[in-house]
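J.: Provided herewith: upload_2.cif, mmCIF, C-alpha atoms, pLDDT in the B column; chains and numbers go by the auth columns.
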```cif
data_my_file
loop_
_atom_site.group_PDB
_atom_site.id
_atom_site.type_symbol
_atom_site.label_atom_id
_atom_site.label_comp_id
_atom_site.label_asym_id
_atom_site.label_seq_id
_atom_site.Cartn_x
_atom_site.Cartn_y
_atom_site.Cartn_z
_atom_site.B_iso_or_equiv
_atom_site.auth_seq_id
_atom_site.auth_asym_id
ATOM 1 C CA MET A 1 126.369 159.333 49.434 70.00 56 A
ATOM 2 C CA ASP A 2 123.583 159.797 51.909 83.00 57 A
ATOM 3 C CA ASN A 3 120.637 158.319 50.073 97.00 58 A
ATOM 4 C CA LEU A 4 120.582 155.074 48.112 98.00 59 A
ATOM 5 C CA PHE A 5 117.909 156.314 45.748 98.00 60 A
ATOM 6 C CA ALA A 6 119.670 159.592 44.933 97.00 61 A
ATOM 7 C CA LEU A 7 121.447 159.151 41.607 96.00 62 A
ATOM 8 C CA PRO A 8 124.259 161.329 40.273 93.00 63 A
ATOM 9 C CA HIS A 9 123.519 163.687 37.392 93.00 64 A
ATOM 10 C CA PRO A 10 124.590 162.979 34.754 94.00 65 A
ATOM 11 C CA LEU A 11 124.506 159.243 35.261 93.00 66 A
ATOM 12 C CA PRO A 12 127.927 157.594 35.039 90.00 67 A
ATOM 13 C CA GLU A 13 128.647 155.789 31.778 90.00 68 A
ATOM 14 C CA GLN A 14 130.413 153.016 33.639 94.00 69 A
ATOM 15 C CA GLU A 15 128.864 150.763 36.215 95.00 70 A
ATOM 16 C CA THR A 16 129.722 152.323 39.571 96.00 71 A
ATOM 17 C CA PHE A 17 130.493 150.705 42.908 97.00 72 A
ATOM 18 C CA GLU A 18 130.269 152.890 46.006 97.00 73 A
ATOM 19 C CA PRO A 19 131.201 151.563 49.431 97.00 74 A
ATOM 20 C CA LEU A 20 128.772 152.757 52.077 97.00 75 A
ATOM 21 C CA LEU A 21 131.156 151.895 54.907 97.00 76 A
ATOM 22 C CA PRO A 22 134.906 151.239 54.962 97.00 77 A
ATOM 23 C CA ASP A 23 135.563 147.575 54.073 97.00 78 A
ATOM 24 C CA ARG A 24 136.796 145.954 57.265 96.00 79 A
ATOM 25 C CA GLY A 25 135.740 142.431 56.460 95.00 80 A
ATOM 26 C CA VAL A 26 132.161 143.190 55.523 97.00 81 A
ATOM 27 C CA LEU A 27 131.632 145.433 52.513 98.00 82 A
ATOM 28 C CA ILE A 28 128.298 147.163 52.027 98.00 83 A
ATOM 29 C CA GLU A 29 128.109 148.917 48.677 98.00 84 A
ATOM 30 C CA ARG A 30 125.710 150.520 46.268 98.00 85 A
ATOM 31 C CA ILE A 31 126.026 149.562 42.631 98.00 86 A
ATOM 32 C CA ILE A 32 124.525 151.587 39.801 98.00 87 A
ATOM 33 C CA SER A 33 124.081 149.882 36.441 97.00 88 A
ATOM 34 C CA THR A 34 122.758 151.643 33.383 96.00 89 A
ATOM 35 C CA GLY A 35 122.467 148.913 30.814 96.00 90 A
ATOM 36 C CA GLN A 36 125.851 147.257 31.323 95.00 91 A
ATOM 37 C CA ALA A 37 126.302 143.494 31.280 95.00 92 A
ATOM 38 C CA SER A 38 129.198 141.225 32.152 94.00 93 A
ATOM 39 C CA PRO A 39 131.371 140.767 29.061 92.00 94 A
ATOM 40 C CA PRO A 40 130.432 137.593 27.153 90.00 95 A
ATOM 41 C CA GLY A 41 132.230 134.628 28.675 91.00 96 A
ATOM 42 C CA HIS A 42 133.166 136.562 31.800 95.00 97 A
ATOM 43 C CA TRP A 43 132.167 134.891 35.061 97.00 98 A
ATOM 44 C CA TYR A 44 132.348 136.553 38.446 96.00 99 A
ATOM 45 C CA ASP A 45 134.249 134.182 40.749 97.00 100 A
ATOM 46 C CA GLN A 46 134.366 135.984 44.074 97.00 101 A
ATOM 47 C CA GLU A 47 136.411 135.283 47.175 97.00 102 A
ATOM 48 C CA ARG A 48 133.594 136.329 49.481 97.00 103 A
ATOM 49 C CA ASP A 49 129.905 135.563 49.676 98.00 104 A
ATOM 50 C CA GLU A 50 127.680 138.313 48.282 98.00 105 A
ATOM 51 C CA TRP A 51 124.097 139.022 49.173 98.00 106 A
ATOM 52 C CA VAL A 52 122.535 141.466 46.764 98.00 107 A
ATOM 53 C CA VAL A 53 119.159 143.111 46.410 98.00 108 A
ATOM 54 C CA LEU A 54 117.943 145.061 43.424 98.00 109 A
ATOM 55 C CA LEU A 55 116.201 148.197 44.697 98.00 110 A
ATOM 56 C CA GLN A 56 115.292 149.766 41.360 98.00 111 A
ATOM 57 C CA GLY A 57 115.281 148.574 37.749 98.00 112 A
ATOM 58 C CA ARG A 58 115.378 145.119 36.245 98.00 113 A
ATOM 59 C CA ALA A 59 118.269 142.746 35.628 98.00 114 A
ATOM 60 C CA LYS A 60 119.041 139.149 34.796 98.00 115 A
ATOM 61 C CA LEU A 61 121.610 136.907 36.436 98.00 116 A
ATOM 62 C CA VAL A 62 122.972 133.763 34.853 97.00 117 A
ATOM 63 C CA TRP A 63 124.975 131.035 36.578 97.00 118 A
ATOM 64 C CA GLU A 64 127.578 128.832 34.982 96.00 119 A
ATOM 65 C CA ASP A 65 125.469 125.775 35.820 95.00 120 A
ATOM 66 C CA GLY A 66 122.694 127.126 33.607 96.00 121 A
ATOM 67 C CA ARG A 67 120.384 128.668 36.167 97.00 122 A
ATOM 68 C CA THR A 68 118.976 132.086 35.377 98.00 123 A
ATOM 69 C CA ARG A 69 117.031 134.609 37.397 97.00 124 A
ATOM 70 C CA GLU A 70 115.330 137.812 36.396 98.00 125 A
ATOM 71 C CA LEU A 71 115.177 140.379 39.162 98.00 126 A
ATOM 72 C CA GLY A 72 112.899 143.322 39.818 98.00 127 A
ATOM 73 C CA PRO A 73 112.784 145.854 42.658 98.00 128 A
ATOM 74 C CA GLY A 74 113.077 144.143 46.039 98.00 129 A
ATOM 75 C CA ASP A 75 114.305 140.795 44.711 98.00 130 A
ATOM 76 C CA HIS A 76 117.368 139.495 46.499 98.00 131 A
ATOM 77 C CA VAL A 77 119.800 136.664 46.032 98.00 132 A
ATOM 78 C CA LEU A 78 122.731 135.051 47.823 98.00 133 A
ATOM 79 C CA LEU A 79 125.809 134.439 45.687 98.00 134 A
ATOM 80 C CA PRO A 80 128.066 132.112 47.667 97.00 135 A
ATOM 81 C CA ALA A 81 131.819 132.597 47.229 98.00 136 A
ATOM 82 C CA HIS A 82 133.099 131.040 43.998 97.00 137 A
ATOM 83 C CA GLU A 83 129.613 130.430 42.633 97.00 138 A
ATOM 84 C CA ARG A 84 130.345 131.577 39.109 98.00 139 A
ATOM 85 C CA HIS A 85 127.770 133.951 37.693 98.00 140 A
ATOM 86 C CA ARG A 86 127.374 136.854 35.334 97.00 141 A
ATOM 87 C CA VAL A 87 124.997 139.717 34.754 97.00 142 A
ATOM 88 C CA GLU A 88 123.209 139.042 31.483 97.00 143 A
ATOM 89 C CA TRP A 89 121.588 142.442 31.230 98.00 144 A
ATOM 90 C CA THR A 90 120.542 145.448 33.297 98.00 145 A
ATOM 91 C CA SER A 91 117.906 148.055 32.592 98.00 146 A
ATOM 92 C CA SER A 92 118.979 151.602 31.869 96.00 147 A
ATOM 93 C CA GLU A 93 115.480 153.077 32.087 96.00 148 A
ATOM 94 C CA PRO A 94 115.206 153.152 35.019 97.00 149 A
ATOM 95 C CA PRO A 95 118.824 152.664 36.046 97.00 150 A
ATOM 96 C CA CYS A 96 119.504 149.720 38.324 98.00 151 A
ATOM 97 C CA ILE A 97 120.242 150.450 41.964 98.00 152 A
ATOM 98 C CA TRP A 98 121.715 147.460 43.770 98.00 153 A
ATOM 99 C CA LEU A 99 122.659 147.065 47.396 98.00 154 A
ATOM 100 C CA ALA A 100 125.304 144.411 47.958 98.00 155 A
ATOM 101 C CA VAL A 101 126.774 142.955 51.146 98.00 156 A
ATOM 102 C CA HIS A 102 130.065 141.077 50.740 98.00 157 A
ATOM 103 C CA GLY A 103 131.568 139.006 53.517 97.00 158 A
ATOM 104 C CA ASP A 104 131.570 135.632 55.194 97.00 159 A
ATOM 105 C CA LEU A 105 127.798 135.291 55.225 97.00 160 A
ATOM 106 C CA ARG A 106 127.657 131.525 55.660 95.00 161 A
ATOM 107 C CA GLY A 107 130.042 131.179 58.595 90.00 162 A
ATOM 108 C CA VAL A 108 132.296 128.879 56.614 85.00 163 A
ATOM 109 C CA ARG A 109 135.444 130.588 57.786 73.00 164 A
ATOM 110 C CA GLY A 110 134.518 130.086 61.409 58.00 165 A
ATOM 111 C CA MET B 1 110.271 136.138 51.784 71.00 136 B
ATOM 112 C CA ASP B 2 111.464 136.668 48.276 84.00 137 B
ATOM 113 C CA ASN B 3 110.869 140.348 47.776 97.00 138 B
ATOM 114 C CA LEU B 4 111.695 143.114 50.235 98.00 139 B
ATOM 115 C CA PHE B 5 108.873 145.320 49.016 98.00 140 B
ATOM 116 C CA ALA B 6 106.190 142.612 49.244 97.00 141 B
ATOM 117 C CA LEU B 7 104.301 143.131 52.485 96.00 142 B
ATOM 118 C CA PRO B 8 102.129 140.555 54.243 93.00 143 B
ATOM 119 C CA HIS B 9 98.350 141.020 54.190 93.00 144 B
ATOM 120 C CA PRO B 10 97.067 141.865 56.673 94.00 145 B
ATOM 121 C CA LEU B 11 99.994 143.817 58.025 93.00 146 B
ATOM 122 C CA PRO B 12 101.303 142.497 61.351 90.00 147 B
ATOM 123 C CA GLU B 13 100.279 144.496 64.414 90.00 148 B
ATOM 124 C CA GLN B 14 103.702 144.021 65.933 94.00 149 B
ATOM 125 C CA GLU B 15 106.953 145.206 64.460 95.00 150 B
ATOM 126 C CA THR B 16 108.370 142.215 62.583 96.00 151 B
ATOM 127 C CA PHE B 17 111.948 141.096 62.074 97.00 152 B
ATOM 128 C CA GLU B 18 112.641 138.619 59.292 97.00 153 B
ATOM 129 C CA PRO B 19 116.109 137.182 58.734 97.00 154 B
ATOM 130 C CA LEU B 20 116.938 136.986 55.036 97.00 155 B
ATOM 131 C CA LEU B 21 119.799 134.559 55.648 97.00 156 B
ATOM 132 C CA PRO B 22 120.663 132.334 58.612 97.00 157 B
ATOM 133 C CA ASP B 23 122.605 134.360 61.190 97.00 158 B
ATOM 134 C CA ARG B 24 126.144 132.989 61.109 96.00 159 B
ATOM 135 C CA GLY B 25 127.896 136.082 62.366 95.00 160 B
ATOM 136 C CA VAL B 26 126.338 138.531 59.956 97.00 161 B
ATOM 137 C CA LEU B 27 122.595 138.983 60.164 98.00 162 B
ATOM 138 C CA ILE B 28 120.716 140.519 57.254 98.00 163 B
ATOM 139 C CA GLU B 29 117.094 141.157 58.100 98.00 164 B
ATOM 140 C CA ARG B 30 114.012 142.980 56.942 98.00 165 B
ATOM 141 C CA ILE B 31 112.095 144.951 59.542 98.00 166 B
ATOM 142 C CA ILE B 32 108.519 146.111 59.050 98.00 167 B
ATOM 143 C CA SER B 33 107.254 148.906 61.285 97.00 168 B
ATOM 144 C CA THR B 34 103.715 150.183 61.172 96.00 169 B
ATOM 145 C CA GLY B 35 103.730 153.093 63.562 96.00 170 B
ATOM 146 C CA GLN B 36 105.575 151.464 66.454 95.00 171 B
ATOM 147 C CA ALA B 37 108.167 153.321 68.501 95.00 172 B
ATOM 148 C CA SER B 38 110.644 152.235 71.142 94.00 173 B
ATOM 149 C CA PRO B 39 108.967 152.394 74.559 92.00 174 B
ATOM 150 C CA PRO B 40 109.696 155.705 76.319 90.00 175 B
ATOM 151 C CA GLY B 41 113.016 155.455 78.139 91.00 176 B
ATOM 152 C CA HIS B 42 114.007 152.299 76.268 95.00 177 B
ATOM 153 C CA TRP B 43 117.405 152.462 74.565 97.00 178 B
ATOM 154 C CA TYR B 44 118.704 149.864 72.165 96.00 179 B
ATOM 155 C CA ASP B 45 122.173 148.863 73.357 97.00 180 B
ATOM 156 C CA GLN B 46 123.325 146.255 70.865 97.00 181 B
ATOM 157 C CA GLU B 47 126.242 143.847 71.001 97.00 182 B
ATOM 158 C CA ARG B 48 126.891 144.163 67.285 97.00 183 B
ATOM 159 C CA ASP B 49 127.177 147.040 64.872 98.00 184 B
ATOM 160 C CA GLU B 50 124.076 147.658 62.790 98.00 185 B
ATOM 161 C CA TRP B 51 123.868 149.310 59.409 98.00 186 B
ATOM 162 C CA VAL B 52 120.306 150.097 58.476 98.00 187 B
ATOM 163 C CA VAL B 53 118.571 151.647 55.501 98.00 188 B
ATOM 164 C CA LEU B 54 114.978 152.726 55.341 98.00 189 B
ATOM 165 C CA LEU B 55 113.551 151.574 52.006 98.00 190 B
ATOM 166 C CA GLN B 56 109.996 152.811 52.414 98.00 191 B
ATOM 167 C CA GLY B 57 108.218 155.107 54.868 98.00 192 B
ATOM 168 C CA ARG B 58 109.519 157.687 57.298 98.00 193 B
ATOM 169 C CA ALA B 59 111.012 157.326 60.761 98.00 194 B
ATOM 170 C CA LYS B 60 112.976 159.202 63.379 98.00 195 B
ATOM 171 C CA LEU B 61 115.962 157.973 65.345 98.00 196 B
ATOM 172 C CA VAL B 62 117.123 159.535 68.597 97.00 197 B
ATOM 173 C CA TRP B 63 120.434 158.926 70.341 97.00 198 B
ATOM 174 C CA GLU B 64 121.072 159.099 74.053 96.00 199 B
ATOM 175 C CA ASP B 65 123.576 161.914 73.472 95.00 200 B
ATOM 176 C CA GLY B 66 120.792 164.064 72.063 96.00 201 B
ATOM 177 C CA ARG B 67 121.333 163.616 68.338 97.00 202 B
ATOM 178 C CA THR B 68 118.258 163.000 66.211 98.00 203 B
ATOM 179 C CA ARG B 69 117.773 162.002 62.594 97.00 204 B
ATOM 180 C CA GLU B 70 114.686 161.813 60.477 98.00 205 B
ATOM 181 C CA LEU B 71 114.874 159.203 57.726 98.00 206 B
ATOM 182 C CA GLY B 72 113.083 158.805 54.424 98.00 207 B
ATOM 183 C CA PRO B 73 113.364 156.177 51.692 98.00 208 B
ATOM 184 C CA GLY B 74 116.999 155.406 50.867 98.00 209 B
ATOM 185 C CA ASP B 75 118.478 157.068 53.962 98.00 210 B
ATOM 186 C CA HIS B 76 120.961 154.882 55.792 98.00 211 B
ATOM 187 C CA VAL B 77 122.821 155.040 59.067 98.00 212 B
ATOM 188 C CA LEU B 78 125.510 153.129 60.947 98.00 213 B
ATOM 189 C CA LEU B 79 124.700 152.319 64.559 98.00 214 B
ATOM 190 C CA PRO B 80 127.956 151.185 66.181 97.00 215 B
ATOM 191 C CA ALA B 81 127.661 148.509 68.881 98.00 216 B
ATOM 192 C CA HIS B 82 126.553 149.971 72.220 97.00 217 B
ATOM 193 C CA GLU B 83 125.657 153.337 70.723 97.00 218 B
ATOM 194 C CA ARG B 84 122.414 153.769 72.608 98.00 219 B
ATOM 195 C CA HIS B 85 119.513 154.847 70.446 98.00 220 B
ATOM 196 C CA ARG B 86 115.782 154.533 70.115 97.00 221 B
ATOM 197 C CA VAL B 87 113.150 154.811 67.423 97.00 222 B
ATOM 198 C CA GLU B 88 111.096 157.898 68.186 97.00 223 B
ATOM 199 C CA TRP B 89 108.397 157.179 65.626 98.00 224 B
ATOM 200 C CA THR B 90 107.711 155.278 62.426 98.00 225 B
ATOM 201 C CA SER B 91 105.141 155.918 59.727 98.00 226 B
ATOM 202 C CA SER B 92 102.276 153.494 59.284 96.00 227 B
ATOM 203 C CA GLU B 93 101.081 154.966 55.992 96.00 228 B
ATOM 204 C CA PRO B 94 103.102 153.803 54.193 97.00 229 B
ATOM 205 C CA PRO B 95 104.516 151.109 56.466 97.00 230 B
ATOM 206 C CA CYS B 96 108.259 151.290 57.080 98.00 231 B
ATOM 207 C CA ILE B 97 110.440 148.725 55.345 98.00 232 B
ATOM 208 C CA TRP B 98 113.941 148.604 56.785 98.00 233 B
ATOM 209 C CA LEU B 99 116.900 146.544 55.702 98.00 234 B
ATOM 210 C CA ALA B 100 119.405 145.971 58.499 98.00 235 B
ATOM 211 C CA VAL B 101 122.845 144.354 58.516 98.00 236 B
ATOM 212 C CA HIS B 102 124.163 143.334 61.934 98.00 237 B
ATOM 213 C CA GLY B 103 127.736 142.213 62.461 97.00 238 B
ATOM 214 C CA ASP B 104 131.256 143.367 63.106 97.00 239 B
ATOM 215 C CA LEU B 105 131.141 146.148 60.556 97.00 240 B
ATOM 216 C CA ARG B 106 134.037 148.185 61.924 95.00 241 B
ATOM 217 C CA GLY B 107 136.602 145.422 62.248 90.00 242 B
ATOM 218 C CA VAL B 108 136.974 146.052 65.981 85.00 243 B
ATOM 219 C CA ARG B 109 136.911 142.371 66.861 73.00 244 B
ATOM 220 C CA GLY B 110 139.868 141.708 64.617 59.00 245 B
#
```
What would you get if you wrote out this structure as structure tokens?

T.:
Amino acid sequence: MDNLFALPHPLPEQETFEPLLPDRGVLIERIISTGQASPPGHWYDQERDEWVVLLQGRAKLVWEDGRTRELGPGDHVLLPAHERHRVEWTSSEPPCIWLAVHGDLRGVRG
Amino acid sequence: MDNLFALPHPLPEQETFEPLLPDRGVLIERIISTGQASPPGHWYDQERDEWVVLLQGRAKLVWEDGRTRELGPGDHVLLPAHERHRVEWTSSEPPCIWLAVHGDLRGVRG
């Protein structure tokens, strides 16, 4: 996938996760969402830090501690490892294009 | 800087590099170019791998081995450590917005 803004036709029905490089400790991936949300009661609880930017569309993140954040194009957020969060909603028109970087982004593992 | 697409007014005369997180082994930064190029004969020769995506604008990369690549919005490229390259030109209208990830992206340091 050469261009982050180039979407497949037809759009996938499932949320899709596409690594942009092989995962050798740092994973850089594109995520396409088309209206999906995390299942009710499901919390992401990730082993690695994630930095994510929404490049297109709108979405809302919710944290277990009650914080919420609505994101538009260009908005970015750091999700430290094990900071439990979910995706409350994503726009389908236009589809959401996310760029995510997973890894040890806070130097906590030395 | 909360939004990658929000540009300062007035635009900086120099190319600007803004870390989006503290650099603790992986550096994620936004770069704004407004027509700058690498000085003639200057080659970037970086200690770390760099993955970079152009989010807005147009630009051209040139490698010491003769390869060239013109980039538009969404185009991304991996620049392995010590792969000597330069920026031949960048657009000023619109300004270039780059997102770069620097780190050990190929797992070569174990």

J.: Got a sec: who's within 9 Å of Gln149 in chain B, counting all atoms listed in the file, leaving out chain neighbours fewer than 3 positions off, as a PyMOL selection string?

T.: chain B and resi 146+167-169+171

J.: Given the file above and the PyMOL selection byres ((chain A) within 12 of (chain B)), which residues are selected, and can you give them as a PDB file with C-alpha atoms, in the frame of the given file?

T.:
```pdb
ATOM      1  CA  MET A  56     126.369 159.333  49.434  1.00 70.00           C
ATOM      2  CA  ASP A  57     123.583 159.797  51.909  1.00 83.00           C
ATOM      3  CA  ASN A  58     120.637 158.319  50.073  1.00 97.00           C
ATOM      4  CA  LEU A  59     120.582 155.074  48.112  1.00 98.00           C
ATOM      5  CA  PHE A  60     117.909 156.314  45.748  1.00 98.00           C
ATOM      6  CA  ALA A  61     119.670 159.592  44.933  1.00 97.00           C
ATOM      7  CA  LEU A  62     121.447 159.151  41.607  1.00 96.00           C
ATOM      8  CA  LEU A  75     128.772 152.757  52.077  1.00 97.00           C
ATOM      9  CA  LEU A  76     131.156 151.895  54.907  1.00 97.00           C
ATOM     10  CA  PRO A  77     134.906 151.239  54.962  1.00 97.00           C
ATOM     11  CA  ASP A  78     135.563 147.575  54.073  1.00 97.00           C
ATOM     12  CA  ARG A  79     136.796 145.954  57.265  1.00 96.00           C
ATOM     13  CA  GLY A  80     135.740 142.431  56.460  1.00 95.00           C
ATOM     14  CA  VAL A  81     132.161 143.190  55.523  1.00 97.00           C
ATOM     15  CA  LEU A  82     131.632 145.433  52.513  1.00 98.00           C
ATOM     16  CA  ILE A  83     128.298 147.163  52.027  1.00 98.00           C
ATOM     17  CA  GLU A  84     128.109 148.917  48.677  1.00 98.00           C
ATOM     18  CA  ARG A  85     125.710 150.520  46.268  1.00 98.00           C
ATOM     19  CA  ASP A 104     129.905 135.563  49.676  1.00 98.00           C
ATOM     20  CA  GLU A 105     127.680 138.313  48.282  1.00 98.00           C
ATOM     21  CA  TRP A 106     124.097 139.022  49.173  1.00 98.00           C
ATOM     22  CA  VAL A 107     122.535 141.466  46.764  1.00 98.00           C
ATOM     23  CA  VAL A 108     119.159 143.111  46.410  1.00 98.00           C
ATOM     24  CA  LEU A 109     117.943 145.061  43.424  1.00 98.00           C
ATOM     25  CA  LEU A 110     116.201 148.197  44.697  1.00 98.00           C
ATOM     26  CA  GLN A 111     115.292 149.766  41.360  1.00 98.00           C
ATOM     27  CA  LEU A 126     115.177 140.379  39.162  1.00 98.00           C
ATOM     28  CA  GLY A 127     112.899 143.322  39.818  1.00 98.00           C
ATOM     29  CA  PRO A 128     112.784 145.854  42.658  1.00 98.00           C
ATOM     30  CA  GLY A 129     113.077 144.143  46.039  1.00 98.00           C
ATOM     31  CA  ASP A 130     114.305 140.795  44.711  1.00 98.00           C
ATOM     32  CA  HIS A 131     117.368 139.495  46.499  1.00 98.00           C
ATOM     33  CA  VAL A 132     119.800 136.664  46.032  1.00 98.00           C
ATOM     34  CA  LEU A 133     122.731 135.051  47.823  1.00 98.00           C
ATOM     35  CA  LEU A 134     125.809 134.439  45.687  1.00 98.00           C
ATOM     36  CA  PRO A 135     128.066 132.112  47.667  1.00 97.00           C
ATOM     37  CA  ILE A 152     120.242 150.450  41.964  1.00 98.00           C
ATOM     38  CA  TRP A 153     121.715 147.460  43.770  1.00 98.00           C
ATOM     39  CA  LEU A 154     122.659 147.065  47.396  1.00 98.00           C
ATOM     40  CA  ALA A 155     125.304 144.411  47.958  1.00 98.00           C
ATOM     41  CA  VAL A 156     126.774 142.955  51.146  1.00 98.00           C
ATOM     42  CA  HIS A 157     130.065 141.077  50.740  1.00 98.00           C
ATOM     43  CA  GLY A 158     131.568 139.006  53.517  1.00 97.00           C
ATOM     44  CA  ASP A 159     131.570 135.632  55.194  1.00 97.00           C
ATOM     45  CA  LEU A 160     127.798 135.291  55.225  1.00 97.00           C
ATOM     46  CA  ARG A 161     127.657 131.525  55.660  1.00 95.00           C
ATOM     47  CA  GLY A 162     130.042 131.179  58.595  1.00 90.00           C
ATOM     48  CA  VAL A 163     132.296 128.879  56.614  1.00 85.00           C
ATOM     49  CA  ARG A 164     135.444 130.588  57.786  1.00 73.00           C
ATOM     50  CA  GLY A 165     134.518 130.086  61.409  1.00 58.00           C
TER      51      GLY A 165
END
```

J.: Between CA of Pro149 in chain A and CA of Glu205 in chain B, what is the distance, to one decimal in Å?

T.: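 Taking CA of Pro149 in chain A as the start and CA of Glu205 in chain B as the end point, the length is 26.9 Å.
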
J.: Just need chain B moved onto chain A: least-squares over all Cα atoms matched in order, then output as a short mmCIF file (atom, residue, chain, number, x, y, z; two decimals) with C-alpha atoms, keeping the file's coordinate frame.

T.:
```cif
data_model
loop_
_atom_site.label_atom_id
_atom_site.label_comp_id
_atom_site.auth_asym_id
_atom_site.auth_seq_id
_atom_site.Cartn_x
_atom_site.Cartn_y
_atom_site.Cartn_z
CA MET B 136 126.35 159.32 49.42
CA ASP B 137 123.58 159.77 51.90
CA ASN B 138 120.63 158.32 50.07
CA LEU B 139 120.57 155.08 48.11
CA PHE B 140 117.90 156.32 45.74
CA ALA B 141 119.66 159.60 44.92
CA LEU B 142 121.45 159.15 41.61
CA PRO B 143 124.27 161.32 40.28
CA HIS B 144 123.54 163.69 37.38
CA PRO B 145 124.61 162.98 34.76
CA LEU B 146 124.53 159.24 35.27
CA PRO B 147 127.95 157.59 35.03
CA GLU B 148 128.67 155.78 31.77
CA GLN B 149 130.43 153.01 33.63
CA GLU B 150 128.87 150.76 36.21
CA THR B 151 129.73 152.32 39.58
CA PHE B 152 130.49 150.72 42.92
CA GLU B 153 130.26 152.90 46.01
CA PRO B 154 131.19 151.57 49.44
CA LEU B 155 128.76 152.78 52.09
CA LEU B 156 131.15 151.90 54.91
CA PRO B 157 134.90 151.24 54.96
CA ASP B 158 135.54 147.59 54.07
CA ARG B 159 136.78 145.96 57.27
CA GLY B 160 135.72 142.43 56.46
CA VAL B 161 132.15 143.20 55.52
CA LEU B 162 131.62 145.43 52.52
CA ILE B 163 128.29 147.17 52.03
CA GLU B 164 128.10 148.92 48.69
CA ARG B 165 125.71 150.54 46.27
CA ILE B 166 126.03 149.57 42.63
CA ILE B 167 124.52 151.60 39.80
CA SER B 168 124.08 149.88 36.45
CA THR B 169 122.77 151.65 33.39
CA GLY B 170 122.48 148.91 30.82
CA GLN B 171 125.86 147.26 31.35
CA ALA B 172 126.30 143.50 31.28
CA SER B 173 129.19 141.22 32.14
CA PRO B 174 131.37 140.75 29.05
CA PRO B 175 130.42 137.57 27.15
CA GLY B 176 132.23 134.61 28.68
CA HIS B 177 133.16 136.56 31.81
CA TRP B 178 132.16 134.89 35.07
CA TYR B 179 132.35 136.54 38.45
CA ASP B 180 134.24 134.18 40.76
CA GLN B 181 134.36 135.99 44.08
CA GLU B 182 136.41 135.28 47.19
CA ARG B 183 133.58 136.33 49.49
CA ASP B 184 129.90 135.58 49.68
CA GLU B 185 127.67 138.31 48.28
CA TRP B 186 124.09 139.04 49.18
CA VAL B 187 122.52 141.47 46.77
CA VAL B 188 119.15 143.12 46.40
CA LEU B 189 117.94 145.06 43.42
CA LEU B 190 116.19 148.20 44.69
CA GLN B 191 115.29 149.76 41.37
CA GLY B 192 115.29 148.58 37.75
CA ARG B 193 115.38 145.13 36.23
CA ALA B 194 118.27 142.75 35.63
CA LYS B 195 119.05 139.15 34.80
CA LEU B 196 121.60 136.90 36.45
CA VAL B 197 122.97 133.75 34.85
CA TRP B 198 124.97 131.03 36.58
CA GLU B 199 127.58 128.82 34.98
CA ASP B 200 125.47 125.76 35.82
CA GLY B 201 122.70 127.09 33.60
CA ARG B 202 120.39 128.65 36.17
CA THR B 203 118.98 132.08 35.37
CA ARG B 204 117.03 134.61 37.40
CA GLU B 205 115.33 137.80 36.39
CA LEU B 206 115.17 140.38 39.16
CA GLY B 207 112.90 143.33 39.81
CA PRO B 208 112.78 145.86 42.65
CA GLY B 209 113.08 144.16 46.04
CA ASP B 210 114.30 140.80 44.71
CA HIS B 211 117.36 139.51 46.50
CA VAL B 212 119.79 136.66 46.03
CA LEU B 213 122.72 135.05 47.82
CA LEU B 214 125.79 134.44 45.69
CA PRO B 215 128.06 132.11 47.67
CA ALA B 216 131.81 132.61 47.23
CA HIS B 217 133.09 131.05 44.01
CA GLU B 218 129.61 130.43 42.64
CA ARG B 219 130.35 131.57 39.12
CA HIS B 220 127.77 133.93 37.70
CA ARG B 221 127.38 136.83 35.34
CA VAL B 222 124.99 139.70 34.76
CA GLU B 223 123.21 139.02 31.49
CA TRP B 224 121.60 142.44 31.23
CA THR B 225 120.55 145.44 33.30
CA SER B 226 117.92 148.06 32.60
CA SER B 227 118.99 151.61 31.87
CA GLU B 228 115.49 153.08 32.10
CA PRO B 229 115.20 153.16 35.03
CA PRO B 230 118.83 152.69 36.05
CA CYS B 231 119.51 149.73 38.33
CA ILE B 232 120.25 150.46 41.97
CA TRP B 233 121.71 147.46 43.77
CA LEU B 234 122.64 147.08 47.40
CA ALA B 235 125.29 144.42 47.97
CA VAL B 236 126.76 142.96 51.16
CA HIS B 237 130.05 141.09 50.75
CA GLY B 238 131.55 139.02 53.54
CA ASP B 239 131.56 135.65 55.20
CA LEU B 240 127.80 135.30 55.22
CA ARG B 241 127.67 131.53 55.65
CA GLY B 242 130.06 131.18 58.56
CA VAL B 243 132.34 128.89 56.56
CA ARG B 244 135.50 130.62 57.71
CA GLY B 245 134.64 129.97 61.32
#
```

J.: Neighbouring residues of His140 in chain A were defined as those with any atom within 7 Å, considering all atoms listed in the file; residues of the same chain fewer than 3 positions away were excluded. Please report them as a PyMOL selection string.

T.: chain A and resi 98-99+116-119

J.: Where does the PyMOL selection byres ((chain A and resi 97) around 10) land in this file, that is, which residues does it pick, as a PyMOL selection string?

T.: chain A and resi 92-96+98-100+139-142

J.: Calculate how many Å separate CA of Thr71 in chain A from CA of Cys151 in chain A, rounding to one decimal.

T.: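 Between CA of Thr71 in chain A and CA of Cys151 in chain A the gap works out to 10.6 Å.
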
J.: In Å, with one decimal, what is the gap from CA of Glu223 in chain B to CA of Thr203 in chain B?

T.: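 Computed distance, CA of Glu223 in chain B to CA of Thr203 in chain B, equals 9.0 Å.
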
J.: Return the padded bounding box of range 183-196 of chain B as lines of an AutoDock Vina configuration file: axis-aligned, built from all atoms listed in the file, 6 Å added on each side, with centre and edge lengths in Å to one decimal.

T.:
```
center_x = 117.7
center_y = 151.7
center_z = 59.6
size_x = 31.0
size_y = 27.0
size_z = 27.3
```
